[in-house]
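The file structure-v4.cif contains mmCIF, C-alpha atoms and all ligand atoms:
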```
data_run
loop_
_atom_site.label_atom_id
_atom_site.label_comp_id
_atom_site.auth_asym_id
_atom_site.auth_seq_id
_atom_site.Cartn_x
_atom_site.Cartn_y
_atom_site.Cartn_z
CA MET A 4 -3.15 27.97 -23.25
CA LEU A 5 0.45 27.61 -22.05
CA ASN A 6 -0.81 26.71 -18.59
CA ASP A 7 -3.12 24.06 -20.10
CA THR A 8 -0.16 22.46 -21.88
CA LEU A 9 1.99 22.50 -18.75
CA SER A 10 -0.88 21.01 -16.68
CA ALA A 11 -1.40 18.29 -19.28
CA MET A 12 2.32 17.47 -19.14
CA ARG A 13 2.21 17.25 -15.36
CA GLN A 14 -0.89 15.05 -15.51
CA SER A 15 0.67 12.69 -18.10
CA ILE A 16 3.42 11.92 -15.57
CA ILE A 17 0.96 11.43 -12.70
CA ASP A 18 -1.13 9.13 -14.96
CA GLY A 19 2.01 7.21 -16.03
CA ALA A 20 1.09 7.70 -19.70
CA PRO A 21 4.24 7.54 -21.90
CA ASP A 22 2.44 8.05 -25.23
CA THR A 23 0.63 11.13 -23.97
CA ALA A 24 3.84 12.49 -22.45
CA SER A 25 5.89 12.04 -25.64
CA GLY A 26 3.02 13.47 -27.74
CA LEU A 27 2.90 16.56 -25.53
CA ALA A 28 6.68 16.94 -25.74
CA GLN A 29 6.49 16.81 -29.54
CA GLN A 30 3.63 19.32 -29.64
CA ALA A 31 5.51 21.67 -27.32
CA LEU A 32 8.58 21.65 -29.59
CA ALA A 33 6.39 22.18 -32.65
CA LYS A 34 4.85 25.23 -30.96
CA GLY A 35 8.28 26.66 -30.16
CA MET A 36 8.36 25.98 -26.42
CA ALA A 37 11.92 25.77 -25.05
CA PRO A 38 12.64 22.13 -24.12
CA ILE A 39 13.95 23.18 -20.69
CA ASP A 40 10.66 24.97 -19.93
CA ALA A 41 8.70 21.85 -20.84
CA ILE A 42 10.93 19.78 -18.53
CA ASN A 43 11.10 22.18 -15.58
CA ASN A 44 7.57 23.60 -15.66
CA GLY A 45 5.62 20.69 -17.15
CA PHE A 46 7.06 17.22 -16.58
CA VAL A 47 9.27 17.57 -13.46
CA PRO A 48 6.43 18.99 -11.29
CA GLY A 49 4.51 15.82 -12.21
CA MET A 50 7.36 13.69 -10.81
CA HIS A 51 7.32 15.72 -7.60
CA ASP A 52 3.56 15.14 -7.24
CA VAL A 53 4.15 11.42 -7.73
CA GLY A 54 6.80 11.41 -4.98
CA GLU A 55 4.41 13.17 -2.60
CA GLN A 56 1.53 10.83 -3.38
CA PHE A 57 3.84 7.83 -2.90
CA ALA A 58 4.96 9.20 0.49
CA ARG A 59 1.26 9.54 1.51
CA ALA A 60 0.57 5.96 0.32
CA GLN A 61 -1.84 7.33 -2.30
CA MET A 62 0.35 5.78 -4.99
CA PHE A 63 2.30 2.53 -5.05
CA LEU A 64 5.50 1.27 -6.61
CA PRO A 65 4.00 0.12 -9.96
CA ASP A 66 2.41 3.61 -10.35
CA MET A 67 5.75 5.26 -9.61
CA MET A 68 7.41 3.01 -12.21
CA ALA A 69 4.77 3.93 -14.81
CA SER A 70 5.35 7.62 -14.04
CA ALA A 71 9.10 7.12 -14.49
CA GLU A 72 8.41 5.53 -17.90
CA ALA A 73 6.29 8.51 -18.93
CA MET A 74 9.07 10.86 -17.82
CA ARG A 75 11.63 8.92 -19.84
CA ALA A 76 9.36 9.02 -22.91
CA ALA A 77 9.06 12.82 -22.68
CA MET A 78 12.78 13.23 -22.06
CA ALA A 79 13.68 11.05 -25.04
CA ILE A 80 12.04 13.69 -27.26
CA LEU A 81 13.34 16.77 -25.43
CA ASP A 82 16.89 15.42 -24.83
CA ARG A 83 17.57 15.32 -28.55
CA GLU A 84 16.80 19.02 -28.92
CA LEU A 85 18.84 20.05 -25.91
CA ARG A 86 21.87 18.00 -26.94
CA LYS A 87 22.00 19.72 -30.33
CA LEU A 88 22.85 22.98 -28.54
CA GLY A 89 26.05 21.44 -27.13
CA THR A 90 27.57 20.79 -30.55
CA GLU A 91 27.57 24.55 -31.20
CA ARG A 92 29.76 25.33 -28.17
CA PRO A 93 33.47 24.84 -27.36
CA MET A 94 34.24 21.84 -25.12
CA ALA A 95 33.78 23.05 -21.54
CA GLY A 96 35.26 20.10 -19.60
CA VAL A 97 35.01 16.36 -19.02
CA ILE A 98 32.42 15.14 -16.53
CA ILE A 99 31.67 11.68 -15.21
CA LEU A 100 28.17 11.16 -13.87
CA GLY A 101 26.59 8.30 -11.99
CA THR A 102 24.05 7.32 -9.37
CA THR A 103 25.68 5.97 -6.28
CA LYS A 104 25.83 2.35 -5.16
CA GLY A 105 22.54 0.81 -4.04
CA ASP A 106 20.47 3.42 -5.88
CA ILE A 107 18.69 2.98 -9.23
CA HIS A 108 17.12 6.44 -9.60
CA GLU A 109 18.38 7.92 -12.85
CA ILE A 110 15.93 10.51 -14.22
CA GLY A 111 17.53 13.49 -12.45
CA LYS A 112 21.04 12.33 -13.37
CA ILE A 113 20.07 11.94 -17.02
CA LEU A 114 18.61 15.43 -16.96
CA VAL A 115 21.79 16.82 -15.42
CA GLY A 116 23.81 15.02 -18.13
CA THR A 117 21.64 16.45 -20.89
CA MET A 118 21.94 20.01 -19.60
CA LEU A 119 25.70 19.69 -19.16
CA THR A 120 26.01 18.31 -22.71
CA ALA A 121 23.86 21.17 -24.01
CA HIS A 122 26.37 23.56 -22.41
CA GLY A 123 29.39 21.99 -24.10
CA PHE A 124 30.58 19.50 -21.44
CA GLN A 125 31.70 16.05 -22.54
CA VAL A 126 29.61 13.80 -20.29
CA HIS A 127 30.27 10.12 -19.54
CA ASP A 128 27.31 8.55 -17.75
CA LEU A 129 28.26 5.45 -15.74
CA GLY A 130 24.61 4.62 -15.04
CA VAL A 131 23.10 3.59 -11.72
CA ASP A 132 24.29 1.58 -8.70
CA VAL A 133 27.89 2.68 -9.28
CA PRO A 134 30.49 1.87 -6.58
CA GLY A 135 32.90 4.61 -5.46
CA ASP A 136 36.01 2.95 -6.91
CA LYS A 137 34.43 2.78 -10.38
CA PHE A 138 34.00 6.58 -10.39
CA ALA A 139 37.69 6.90 -9.49
CA THR A 140 38.90 4.39 -12.11
CA LYS A 141 36.91 6.13 -14.84
CA ALA A 142 38.04 9.56 -13.67
CA ARG A 143 41.65 8.46 -14.17
CA GLU A 144 40.97 6.75 -17.50
CA LEU A 145 39.04 9.69 -18.99
CA LYS A 146 41.09 12.47 -17.31
CA ALA A 147 37.87 13.86 -15.86
CA ASP A 148 37.65 17.41 -14.53
CA ILE A 149 34.51 16.73 -12.49
CA VAL A 150 32.68 13.76 -11.06
CA GLY A 151 28.94 14.25 -10.45
CA VAL A 152 27.27 11.87 -8.03
CA SER A 153 23.53 11.48 -7.68
CA ALA A 154 21.66 9.89 -4.74
CA LEU A 155 17.89 9.84 -4.17
CA LEU A 156 17.64 7.78 -1.02
CA THR A 157 18.62 8.77 2.50
CA THR A 158 20.20 5.32 2.76
CA THR A 159 22.41 5.76 -0.33
CA MET A 160 23.46 9.39 -0.01
CA ARG A 161 26.21 8.32 2.40
CA ASN A 162 27.74 6.39 -0.53
CA GLN A 163 28.54 9.75 -2.11
CA LYS A 164 31.32 9.97 0.47
CA THR A 165 32.79 6.71 -0.83
CA VAL A 166 33.36 8.50 -4.16
CA VAL A 167 35.26 11.34 -2.45
CA ASP A 168 37.27 8.74 -0.50
CA ALA A 169 38.01 6.63 -3.61
CA LEU A 170 39.34 9.68 -5.48
CA GLN A 171 41.49 10.55 -2.47
CA LYS A 172 42.81 6.97 -2.28
CA GLU A 173 43.70 7.05 -6.00
CA GLY A 174 45.61 10.31 -5.51
CA LEU A 175 43.17 12.13 -7.83
CA ARG A 176 41.37 14.37 -5.38
CA SER A 177 43.37 17.53 -6.18
CA GLN A 178 42.66 17.15 -9.92
CA VAL A 179 39.03 16.04 -9.88
CA LYS A 180 36.23 18.19 -8.48
CA VAL A 181 33.20 16.46 -6.97
CA MET A 182 29.64 17.74 -7.20
CA VAL A 183 26.71 16.03 -5.53
CA GLY A 184 22.94 16.20 -5.91
CA GLY A 185 19.66 14.34 -5.49
CA ALA A 186 16.45 14.98 -3.55
CA PRO A 187 17.76 14.32 0.01
CA VAL A 188 21.15 15.99 -0.59
CA THR A 189 21.95 19.48 0.76
CA LYS A 190 24.77 22.00 0.63
CA ARG A 191 25.56 21.14 4.22
CA TRP A 192 25.83 17.43 3.35
CA ALA A 193 28.18 18.26 0.48
CA GLU A 194 30.43 20.17 2.89
CA GLU A 195 30.25 17.39 5.47
CA ILE A 196 31.52 14.74 3.04
CA GLY A 197 34.20 16.99 1.51
CA ALA A 198 32.56 17.42 -1.91
CA ASP A 199 33.28 20.64 -3.83
CA GLY A 200 29.68 21.61 -4.41
CA TYR A 201 25.98 20.80 -4.35
CA ALA A 202 23.41 21.53 -7.06
CA LYS A 203 19.67 21.46 -6.43
CA ASP A 204 18.69 20.99 -10.09
CA ALA A 205 20.08 20.54 -13.59
CA MET A 206 20.46 24.28 -14.32
CA SER A 207 22.32 24.83 -11.04
CA ALA A 208 24.49 21.81 -11.87
CA VAL A 209 25.60 23.55 -15.09
CA ALA A 210 26.43 26.79 -13.21
CA LEU A 211 28.28 24.81 -10.54
CA ALA A 212 30.24 22.79 -13.11
CA GLN A 213 31.29 26.03 -14.86
CA GLU A 214 32.40 27.48 -11.52
CA LEU A 215 34.36 24.32 -10.61
CA ILE A 216 36.16 24.39 -13.96
CA GLN A 217 37.13 28.03 -13.29
CA GLN A 218 38.43 27.09 -9.84
CA LYS A 219 40.45 24.27 -11.38
CA LEU A 220 41.98 26.56 -14.01
CA GLN A 221 42.91 29.13 -11.34
CA THR A 222 44.62 26.43 -9.24
CA VAL A 223 46.59 25.22 -12.28
CA SER A 224 47.63 28.76 -13.32
CA GLY A 225 48.63 29.46 -9.69
CA GLN A 226 50.97 26.44 -9.80
CA LEU A 227 52.75 27.64 -12.98
CO1 LIG A 301 11.83 6.20 -5.74
N1 LIG A 301 11.84 7.12 -4.02
N2 LIG A 301 12.14 4.49 -4.81
N3 LIG A 301 11.64 5.40 -7.48
N4 LIG A 301 11.23 7.82 -6.36
C1 LIG A 301 11.77 8.58 -4.05
C2 LIG A 301 13.17 9.14 -4.25
C3 LIG A 301 11.13 8.96 -2.66
C4 LIG A 301 11.55 10.35 -2.12
C5 LIG A 301 9.58 8.84 -2.70
C6 LIG A 301 8.94 9.18 -1.37
O1 LIG A 301 8.93 8.36 -0.48
N5 LIG A 301 8.40 10.36 -1.23
C7 LIG A 301 11.65 7.76 -1.80
C8 LIG A 301 12.96 8.00 -1.06
C9 LIG A 301 12.75 8.20 0.43
C10 LIG A 301 14.02 8.45 1.15
O2 LIG A 301 14.99 7.75 1.05
N6 LIG A 301 13.99 9.50 1.93
C11 LIG A 301 11.75 6.65 -2.82
C12 LIG A 301 11.77 5.26 -2.49
C13 LIG A 301 11.51 4.92 -1.04
C14 LIG A 301 12.02 4.27 -3.45
C15 LIG A 301 12.13 2.75 -3.21
C16 LIG A 301 12.92 2.32 -1.95
C17 LIG A 301 10.69 2.20 -3.19
C18 LIG A 301 10.55 0.72 -2.87
O3 LIG A 301 11.12 -0.10 -3.53
N7 LIG A 301 9.81 0.45 -1.83
C19 LIG A 301 12.83 2.28 -4.51
C20 LIG A 301 14.36 2.32 -4.37
C21 LIG A 301 15.07 1.57 -5.42
C22 LIG A 301 16.58 1.79 -5.34
O4 LIG A 301 17.06 2.81 -5.80
N8 LIG A 301 17.31 0.87 -4.77
C23 LIG A 301 12.39 3.34 -5.47
C24 LIG A 301 12.23 3.13 -6.84
C25 LIG A 301 11.82 4.09 -7.74
C26 LIG A 301 11.46 3.78 -9.21
C27 LIG A 301 12.34 2.68 -9.81
C28 LIG A 301 10.03 3.34 -9.27
C29 LIG A 301 11.57 5.21 -9.85
C30 LIG A 301 12.95 5.52 -10.44
C31 LIG A 301 12.96 5.24 -11.94
C32 LIG A 301 14.19 5.72 -12.62
O5 LIG A 301 14.86 6.67 -12.22
N9 LIG A 301 14.48 5.02 -13.70
C33 LIG A 301 11.37 6.11 -8.63
C34 LIG A 301 11.01 7.47 -8.72
C35 LIG A 301 10.67 7.99 -10.09
C36 LIG A 301 10.94 8.31 -7.58
C37 LIG A 301 10.46 9.77 -7.49
C38 LIG A 301 8.93 9.76 -7.55
C39 LIG A 301 10.96 10.74 -8.51
C40 LIG A 301 12.47 10.84 -8.66
C41 LIG A 301 12.75 11.70 -9.88
O6 LIG A 301 12.95 11.19 -10.97
N10 LIG A 301 12.61 13.04 -9.71
C42 LIG A 301 11.00 10.19 -6.06
C43 LIG A 301 10.27 11.35 -5.39
C44 LIG A 301 11.07 12.63 -5.36
O7 LIG A 301 12.26 12.67 -5.64
N11 LIG A 301 10.42 13.68 -4.93
C45 LIG A 301 10.89 8.87 -5.32
C46 LIG A 301 12.70 14.02 -10.83
C47 LIG A 301 14.15 14.45 -11.04
C48 LIG A 301 14.19 15.45 -12.18
O8 LIG A 301 14.61 15.08 -9.85
O9 LIG A 301 15.81 15.09 -7.63
O10 LIG A 301 16.06 13.10 -9.21
P1 LIG A 301 15.88 14.56 -9.02
O11 LIG A 301 17.12 15.23 -9.78
C49 LIG A 301 17.33 16.64 -9.83
C50 LIG A 301 18.16 17.20 -8.66
O12 LIG A 301 18.11 16.40 -7.51
C51 LIG A 301 19.54 17.42 -9.22
O13 LIG A 301 19.26 17.73 -10.59
C52 LIG A 301 18.22 16.87 -11.05
C53 LIG A 301 17.53 17.51 -12.22
O14 LIG A 301 16.90 18.73 -11.90
N12 LIG A 301 20.52 16.31 -9.19
C54 LIG A 301 21.87 16.53 -9.28
C55 LIG A 301 20.31 14.99 -9.17
N13 LIG A 301 21.47 14.32 -9.20
C56 LIG A 301 22.44 15.24 -9.28
C57 LIG A 301 23.83 15.07 -9.33
C58 LIG A 301 24.62 16.21 -9.35
O15 LIG A 301 25.94 16.09 -9.39
C59 LIG A 301 24.04 17.49 -9.34
C60 LIG A 301 22.66 17.65 -9.30
#
```
Show this structure as C-alpha cells.
Ligand code: HCB
Amino acid sequence: MLNDTLSAMRQSIIDGAPDTASGLAQQALAKGMAPIDAINNGFVPGMHDVGEQFARAQMFLPDMMASAEAMRAAMAILDRELRKLGTERPMAGVIILGTTKGDIHEIGKILVGTMLTAHGFQVHDLGVDVPGDKFATKARELKADIVGVSALLTTTMRNQKTVVDALQKEGLRSQVKVMVGGAPVTKRWAEEIGADGYAKDAMSAVALAQELIQQKLQTVSGQL
C-alpha cells in the first residue's frame, strides 16, 4: 500500500501532473505519512527519473518543465507542514540561500530552505540567477551565519566560487560560513573553491548547517 502511494507520487512527477501530485501529497498527510518521507521517497525519485530520461533524449524540455510544475505543486502542500515544525524550535541561525548566477534550478534549494526552516533556521531565499556580490551584500545586511549556494549545471557550479570570493572581498569570510550543493557538486569541489562544506541533500544540509554553527560558536568563544 505504502509502496503503491510512493510509486504513484513518482509517476505523477514523470507524467508532469500537478493536480495528481498535490492530491497525492494531501492524501499522504491525511494518512499520517511524514512529509519528508513523501518528498524523499515519493516525489524526488520522480525528478531523478526525469533527469535521466532527459539525458537519454527520451524526454524534452517542455516535459521537464511540466515535471518541475508537478514537483512544485506537491511541495506547496508538504512545505506548509514542514515549516510549522520550525516555529516550535529556538532560532538556530541565519542562512541566506540562492541559486548561483546563470542557473534557474530552484526545486532543490527550496527544499533545503524548507528543511532548514523546519529545524529552526531563519532562511532568506534570494531566488535564482544570483550574482556572487548579491550574496555578500545580503550577508552583511542580514548578519548571516551561513550562505548556502546551489548550482545544478556544470557550467554554473564555478560561479559558487564567486560567492566565496565576494565574501572575502567584503571582509566577511571569517564570519560567514559557506555551504554548497546541487547535482554536479561534490565534497572535493567544495574544498577546491574554499567553501566550508558540501551537502548532498536537504537532510545533510541541515546537519551541515548545525555543524557550521557549532564551528562558528567555537571560533567566537576561542577569541574571547
Ligand atoms: Co534542468 N538540467 N536544465 N531543468 N534539470 C538538469 C540539472 C540536468 C542534469 C538534466 C540532464 O541532462 N540529465 C542538466 C544539467 C547537465 C549538466 O550541466 N551537467 C539540465 C539541463 C541541461 C538544463 C537546461 C540547460 C536545458 C536546456 O535549456 N536545454 C536548462 C538550464 C536552464 C538554466 O538554469 N539556465 C534546464 C532547465 C530546467 C527546468 C527549468 C526545465 C527545470 C528546473 C525548474 C525549476 O527548478 N523551477 C529543470 C529540472 C527540473 C531539472 C532536473 C530534471 C531536476 C532538478 C531537480 O529539481 N532535482 C535535473 C536532473 C537532475 O538533477 N538529476 C535537470 C530535484 C532536487 C530535489 O534535487 O539536486 O536540485 P537537487 O537538490 C538537492 C541537492 O542537490 C541538495 O539538496 C537538494 C534537496 O535534496 N542541494 C543543496 C541543492 N542545493 C543545495 C545547496 C546547499 O547549500 C546544500 C545542498
Open item on the list: Under the rule that all atoms listed in the file are counted, which of A:Asp132, A:Asp204, A:Glu173, A:Asp22 is the nearest residue to Leu114 (chain A)?
Closed with: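 Checking each of A:Asp132, A:Asp204, A:Glu173, A:Asp22 against Leu114 (chain A), counting all atoms listed in the file, the winner is A:Asp204.
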Which residues form the shell of 7 Å around ligand LIG 301 (chain A) when you count all atoms listed in the file, given as an mmCIF file with C-alpha atoms, in the coordinates of the input?
```cif
data_model
loop_
_atom_site.group_PDB
_atom_site.id
_atom_site.type_symbol
_atom_site.label_atom_id
_atom_site.label_comp_id
_atom_site.auth_asym_id
_atom_site.auth_seq_id
_atom_site.Cartn_x
_atom_site.Cartn_y
_atom_site.Cartn_z
ATOM 1 C CA VAL A 47 9.270 17.570 -13.460
ATOM 2 C CA MET A 50 7.360 13.690 -10.810
ATOM 3 C CA HIS A 51 7.320 15.720 -7.600
ATOM 4 C CA VAL A 53 4.150 11.420 -7.730
ATOM 5 C CA GLY A 54 6.800 11.410 -4.980
ATOM 6 C CA GLU A 55 4.410 13.170 -2.600
ATOM 7 C CA PHE A 57 3.840 7.830 -2.900
ATOM 8 C CA ALA A 58 4.960 9.200 0.490
ATOM 9 C CA LEU A 64 5.500 1.270 -6.610
ATOM 10 C CA PRO A 65 4.000 0.120 -9.960
ATOM 11 C CA MET A 67 5.750 5.260 -9.610
ATOM 12 C CA MET A 68 7.410 3.010 -12.210
ATOM 13 C CA SER A 70 5.350 7.620 -14.040
ATOM 14 C CA ALA A 71 9.100 7.120 -14.490
ATOM 15 C CA GLY A 105 22.540 0.810 -4.040
ATOM 16 C CA ASP A 106 20.470 3.420 -5.880
ATOM 17 C CA ILE A 107 18.690 2.980 -9.230
ATOM 18 C CA HIS A 108 17.120 6.440 -9.600
ATOM 19 C CA GLU A 109 18.380 7.920 -12.850
ATOM 20 C CA ILE A 110 15.930 10.510 -14.220
ATOM 21 C CA GLY A 111 17.530 13.490 -12.450
ATOM 22 C CA LYS A 112 21.040 12.330 -13.370
ATOM 23 C CA LEU A 114 18.610 15.430 -16.960
ATOM 24 C CA VAL A 115 21.790 16.820 -15.420
ATOM 25 C CA GLY A 151 28.940 14.250 -10.450
ATOM 26 C CA VAL A 152 27.270 11.870 -8.030
ATOM 27 C CA SER A 153 23.530 11.480 -7.680
ATOM 28 C CA ALA A 154 21.660 9.890 -4.740
ATOM 29 C CA LEU A 155 17.890 9.840 -4.170
ATOM 30 C CA LEU A 156 17.640 7.780 -1.020
ATOM 31 C CA THR A 157 18.620 8.770 2.500
ATOM 32 C CA THR A 158 20.200 5.320 2.760
ATOM 33 C CA MET A 182 29.640 17.740 -7.200
ATOM 34 C CA VAL A 183 26.710 16.030 -5.530
ATOM 35 C CA GLY A 184 22.940 16.200 -5.910
ATOM 36 C CA GLY A 185 19.660 14.340 -5.490
ATOM 37 C CA ALA A 186 16.450 14.980 -3.550
ATOM 38 C CA PRO A 187 17.760 14.320 0.010
ATOM 39 C CA TYR A 201 25.980 20.800 -4.350
ATOM 40 C CA ALA A 202 23.410 21.530 -7.060
ATOM 41 C CA LYS A 203 19.670 21.460 -6.430
ATOM 42 C CA ASP A 204 18.690 20.990 -10.090
ATOM 43 C CA ALA A 205 20.080 20.540 -13.590
ATOM 44 C CA ALA A 208 24.490 21.810 -11.870
#
```
TODO: Using all atoms listed in the file, determine which residues lie at most 6 Å from region 77-81 of chain A, disregarding the query and same-chain residues fewer than 4 positions distant; provide the list as a VMD selection string.
DONE: chain A and resid 24 to 25 28 38
Kindly save the residues from that selection, with C-alpha atoms included, as a short mmCIF file (atom, residue, chain, number, x, y, z; two decimals), keeping the file's coordinate frame.
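Listing of result_7.cif after writing:
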```
data_model
loop_
_atom_site.label_atom_id
_atom_site.label_comp_id
_atom_site.auth_asym_id
_atom_site.auth_seq_id
_atom_site.Cartn_x
_atom_site.Cartn_y
_atom_site.Cartn_z
CA ALA A 24 3.84 12.49 -22.45
CA SER A 25 5.89 12.04 -25.64
CA ALA A 28 6.68 16.94 -25.74
CA PRO A 38 12.64 22.13 -24.12
#
```
Task: A:Thr140, A:Gln56, A:Gln29, A:Ser10 ranked by distance to Leu170 (chain A), top pick (using all atoms listed in the file) - done: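 Counting all atoms listed in the file, the residue closest to Leu170 (chain A) is A:Thr140.
Pairwise distance (CA of Leu27 (chain A), CA of Ile42 (chain A)) equals 11.1 Å.
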TODO: For Arg86 (chain A), work out the shell of residues within 8 Å, counting only C-alpha atoms and skipping chain neighbours fewer than 3 positions away, then give it as a list in words.
DONE: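 My reading of the contact set: Asp82, Arg83, Gly89, Thr90, Thr117, Met118, Thr120 and Ala121 of chain A.
Among the candidates A:Ile39, A:Leu119, A:Val167, A:Met160, the one nearest to Ala212 (chain A) when counting all atoms listed in the file is A:Leu119.
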TODO: Using only C-alpha atoms, find the one residue out of A:Leu9, A:Ile149, A:Ala60, A:Ala95 that sits nearest to Gln125 (chain A).
DONE: A:Ala95
Task: d(CA of Leu129 (chain A), CA of Arg143 (chain A)) in Å - done: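 Interatomic distance here is 13.8 Å.
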TODO: Please indicate the distance in Å from CA of Arg13 (chain A) to CA of Ala73 (chain A), rounded to one decimal place.
DONE: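 These atoms are spaced 10.3 Å apart.
Closest approach to Leu220 (chain A) from the set A:Pro48, A:Gly96, A:Gly19, A:Gly26 is made by A:Gly96, with distances taken over only C-alpha atoms.
Comparing the minimum interatomic distances between Ile98 (chain A) and each of A:Arg75, A:Lys137, A:Lys190, A:Lys180, counting all atoms listed in the file, we find that A:Lys180 sits nearest.
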Task: Residue neighbourhood Val150 (chain A), 6 Å, only C-alpha atoms, exclusion window fewer than 5 positions, as an NGL selection string - done: :A and (98-100 or 181)
Reconstruct N, CA, C and O atoms of region 111-128 of chain A from the incomplete input and present them as a PDB file, in the frame of the given file.
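This went into part-v3.pdb:
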```
ATOM      1  N   GLY A 111      16.873  12.209 -12.745  1.00  0.00           N
ATOM      2  CA  GLY A 111      17.530  13.490 -12.450  1.00  0.00           C
ATOM      3  C   GLY A 111      18.944  13.523 -13.008  1.00  0.00           C
ATOM      4  O   GLY A 111      19.383  14.531 -13.575  1.00  0.00           O
ATOM      5  N   LYS A 112      19.655  12.401 -12.858  1.00  0.00           N
ATOM      6  CA  LYS A 112      21.040  12.330 -13.370  1.00  0.00           C
ATOM      7  C   LYS A 112      21.068  12.487 -14.883  1.00  0.00           C
ATOM      8  O   LYS A 112      21.923  13.196 -15.421  1.00  0.00           O
ATOM      9  N   ILE A 113      20.113  11.835 -15.552  1.00  0.00           N
ATOM     10  CA  ILE A 113      20.070  11.940 -17.020  1.00  0.00           C
ATOM     11  C   ILE A 113      19.817  13.397 -17.424  1.00  0.00           C
ATOM     12  O   ILE A 113      20.446  13.925 -18.341  1.00  0.00           O
ATOM     13  N   LEU A 114      18.920  14.021 -16.674  1.00  0.00           N
ATOM     14  CA  LEU A 114      18.610  15.430 -16.960  1.00  0.00           C
ATOM     15  C   LEU A 114      19.839  16.320 -16.751  1.00  0.00           C
ATOM     16  O   LEU A 114      20.138  17.207 -17.569  1.00  0.00           O
ATOM     17  N   VAL A 115      20.559  16.064 -15.678  1.00  0.00           N
ATOM     18  CA  VAL A 115      21.790  16.820 -15.420  1.00  0.00           C
ATOM     19  C   VAL A 115      22.769  16.604 -16.584  1.00  0.00           C
ATOM     20  O   VAL A 115      23.354  17.556 -17.107  1.00  0.00           O
ATOM     21  N   GLY A 116      22.895  15.343 -17.019  1.00  0.00           N
ATOM     22  CA  GLY A 116      23.810  15.020 -18.130  1.00  0.00           C
ATOM     23  C   GLY A 116      23.405  15.743 -19.410  1.00  0.00           C
ATOM     24  O   GLY A 116      24.255  16.282 -20.127  1.00  0.00           O
ATOM     25  N   THR A 117      22.119  15.773 -19.678  1.00  0.00           N
ATOM     26  CA  THR A 117      21.640  16.450 -20.890  1.00  0.00           C
ATOM     27  C   THR A 117      21.964  17.935 -20.856  1.00  0.00           C
ATOM     28  O   THR A 117      22.449  18.511 -21.826  1.00  0.00           O
ATOM     29  N   MET A 118      21.698  18.562 -19.704  1.00  0.00           N
ATOM     30  CA  MET A 118      21.940  20.010 -19.600  1.00  0.00           C
ATOM     31  C   MET A 118      23.429  20.326 -19.681  1.00  0.00           C
ATOM     32  O   MET A 118      23.823  21.323 -20.286  1.00  0.00           O
ATOM     33  N   LEU A 119      24.245  19.463 -19.078  1.00  0.00           N
ATOM     34  CA  LEU A 119      25.700  19.690 -19.160  1.00  0.00           C
ATOM     35  C   LEU A 119      26.163  19.547 -20.609  1.00  0.00           C
ATOM     36  O   LEU A 119      26.948  20.354 -21.109  1.00  0.00           O
ATOM     37  N   THR A 120      25.650  18.518 -21.300  1.00  0.00           N
ATOM     38  CA  THR A 120      26.010  18.310 -22.710  1.00  0.00           C
ATOM     39  C   THR A 120      25.585  19.515 -23.538  1.00  0.00           C
ATOM     40  O   THR A 120      26.339  19.996 -24.390  1.00  0.00           O
ATOM     41  N   ALA A 121      24.371  20.009 -23.257  1.00  0.00           N
ATOM     42  CA  ALA A 121      23.860  21.170 -24.010  1.00  0.00           C
ATOM     43  C   ALA A 121      24.732  22.403 -23.786  1.00  0.00           C
ATOM     44  O   ALA A 121      24.725  23.324 -24.593  1.00  0.00           O
ATOM     45  N   HIS A 122      25.490  22.425 -22.684  1.00  0.00           N
ATOM     46  CA  HIS A 122      26.370  23.560 -22.410  1.00  0.00           C
ATOM     47  C   HIS A 122      27.829  23.258 -22.749  1.00  0.00           C
ATOM     48  O   HIS A 122      28.740  23.929 -22.250  1.00  0.00           O
ATOM     49  N   GLY A 123      28.047  22.235 -23.553  1.00  0.00           N
ATOM     50  CA  GLY A 123      29.390  21.990 -24.100  1.00  0.00           C
ATOM     51  C   GLY A 123      30.264  21.034 -23.305  1.00  0.00           C
ATOM     52  O   GLY A 123      31.410  20.794 -23.678  1.00  0.00           O
ATOM     53  N   PHE A 124      29.764  20.468 -22.206  1.00  0.00           N
ATOM     54  CA  PHE A 124      30.580  19.500 -21.440  1.00  0.00           C
ATOM     55  C   PHE A 124      30.543  18.142 -22.140  1.00  0.00           C
ATOM     56  O   PHE A 124      29.525  17.773 -22.739  1.00  0.00           O
ATOM     57  N   GLN A 125      31.663  17.428 -22.027  1.00  0.00           N
ATOM     58  CA  GLN A 125      31.700  16.050 -22.540  1.00  0.00           C
ATOM     59  C   GLN A 125      31.316  15.154 -21.360  1.00  0.00           C
ATOM     60  O   GLN A 125      32.070  15.070 -20.377  1.00  0.00           O
ATOM     61  N   VAL A 126      30.148  14.536 -21.440  1.00  0.00           N
ATOM     62  CA  VAL A 126      29.610  13.800 -20.290  1.00  0.00           C
ATOM     63  C   VAL A 126      29.712  12.283 -20.517  1.00  0.00           C
ATOM     64  O   VAL A 126      29.319  11.782 -21.569  1.00  0.00           O
ATOM     65  N   HIS A 127      30.229  11.583 -19.506  1.00  0.00           N
ATOM     66  CA  HIS A 127      30.270  10.120 -19.540  1.00  0.00           C
ATOM     67  C   HIS A 127      29.379   9.630 -18.400  1.00  0.00           C
ATOM     68  O   HIS A 127      29.702   9.848 -17.231  1.00  0.00           O
ATOM     69  N   ASP A 128      28.277   9.002 -18.753  1.00  0.00           N
ATOM     70  CA  ASP A 128      27.310   8.550 -17.750  1.00  0.00           C
ATOM     71  C   ASP A 128      27.574   7.088 -17.407  1.00  0.00           C
ATOM     72  O   ASP A 128      27.437   6.206 -18.257  1.00  0.00           O
TER      73      ASP A 128
END
```
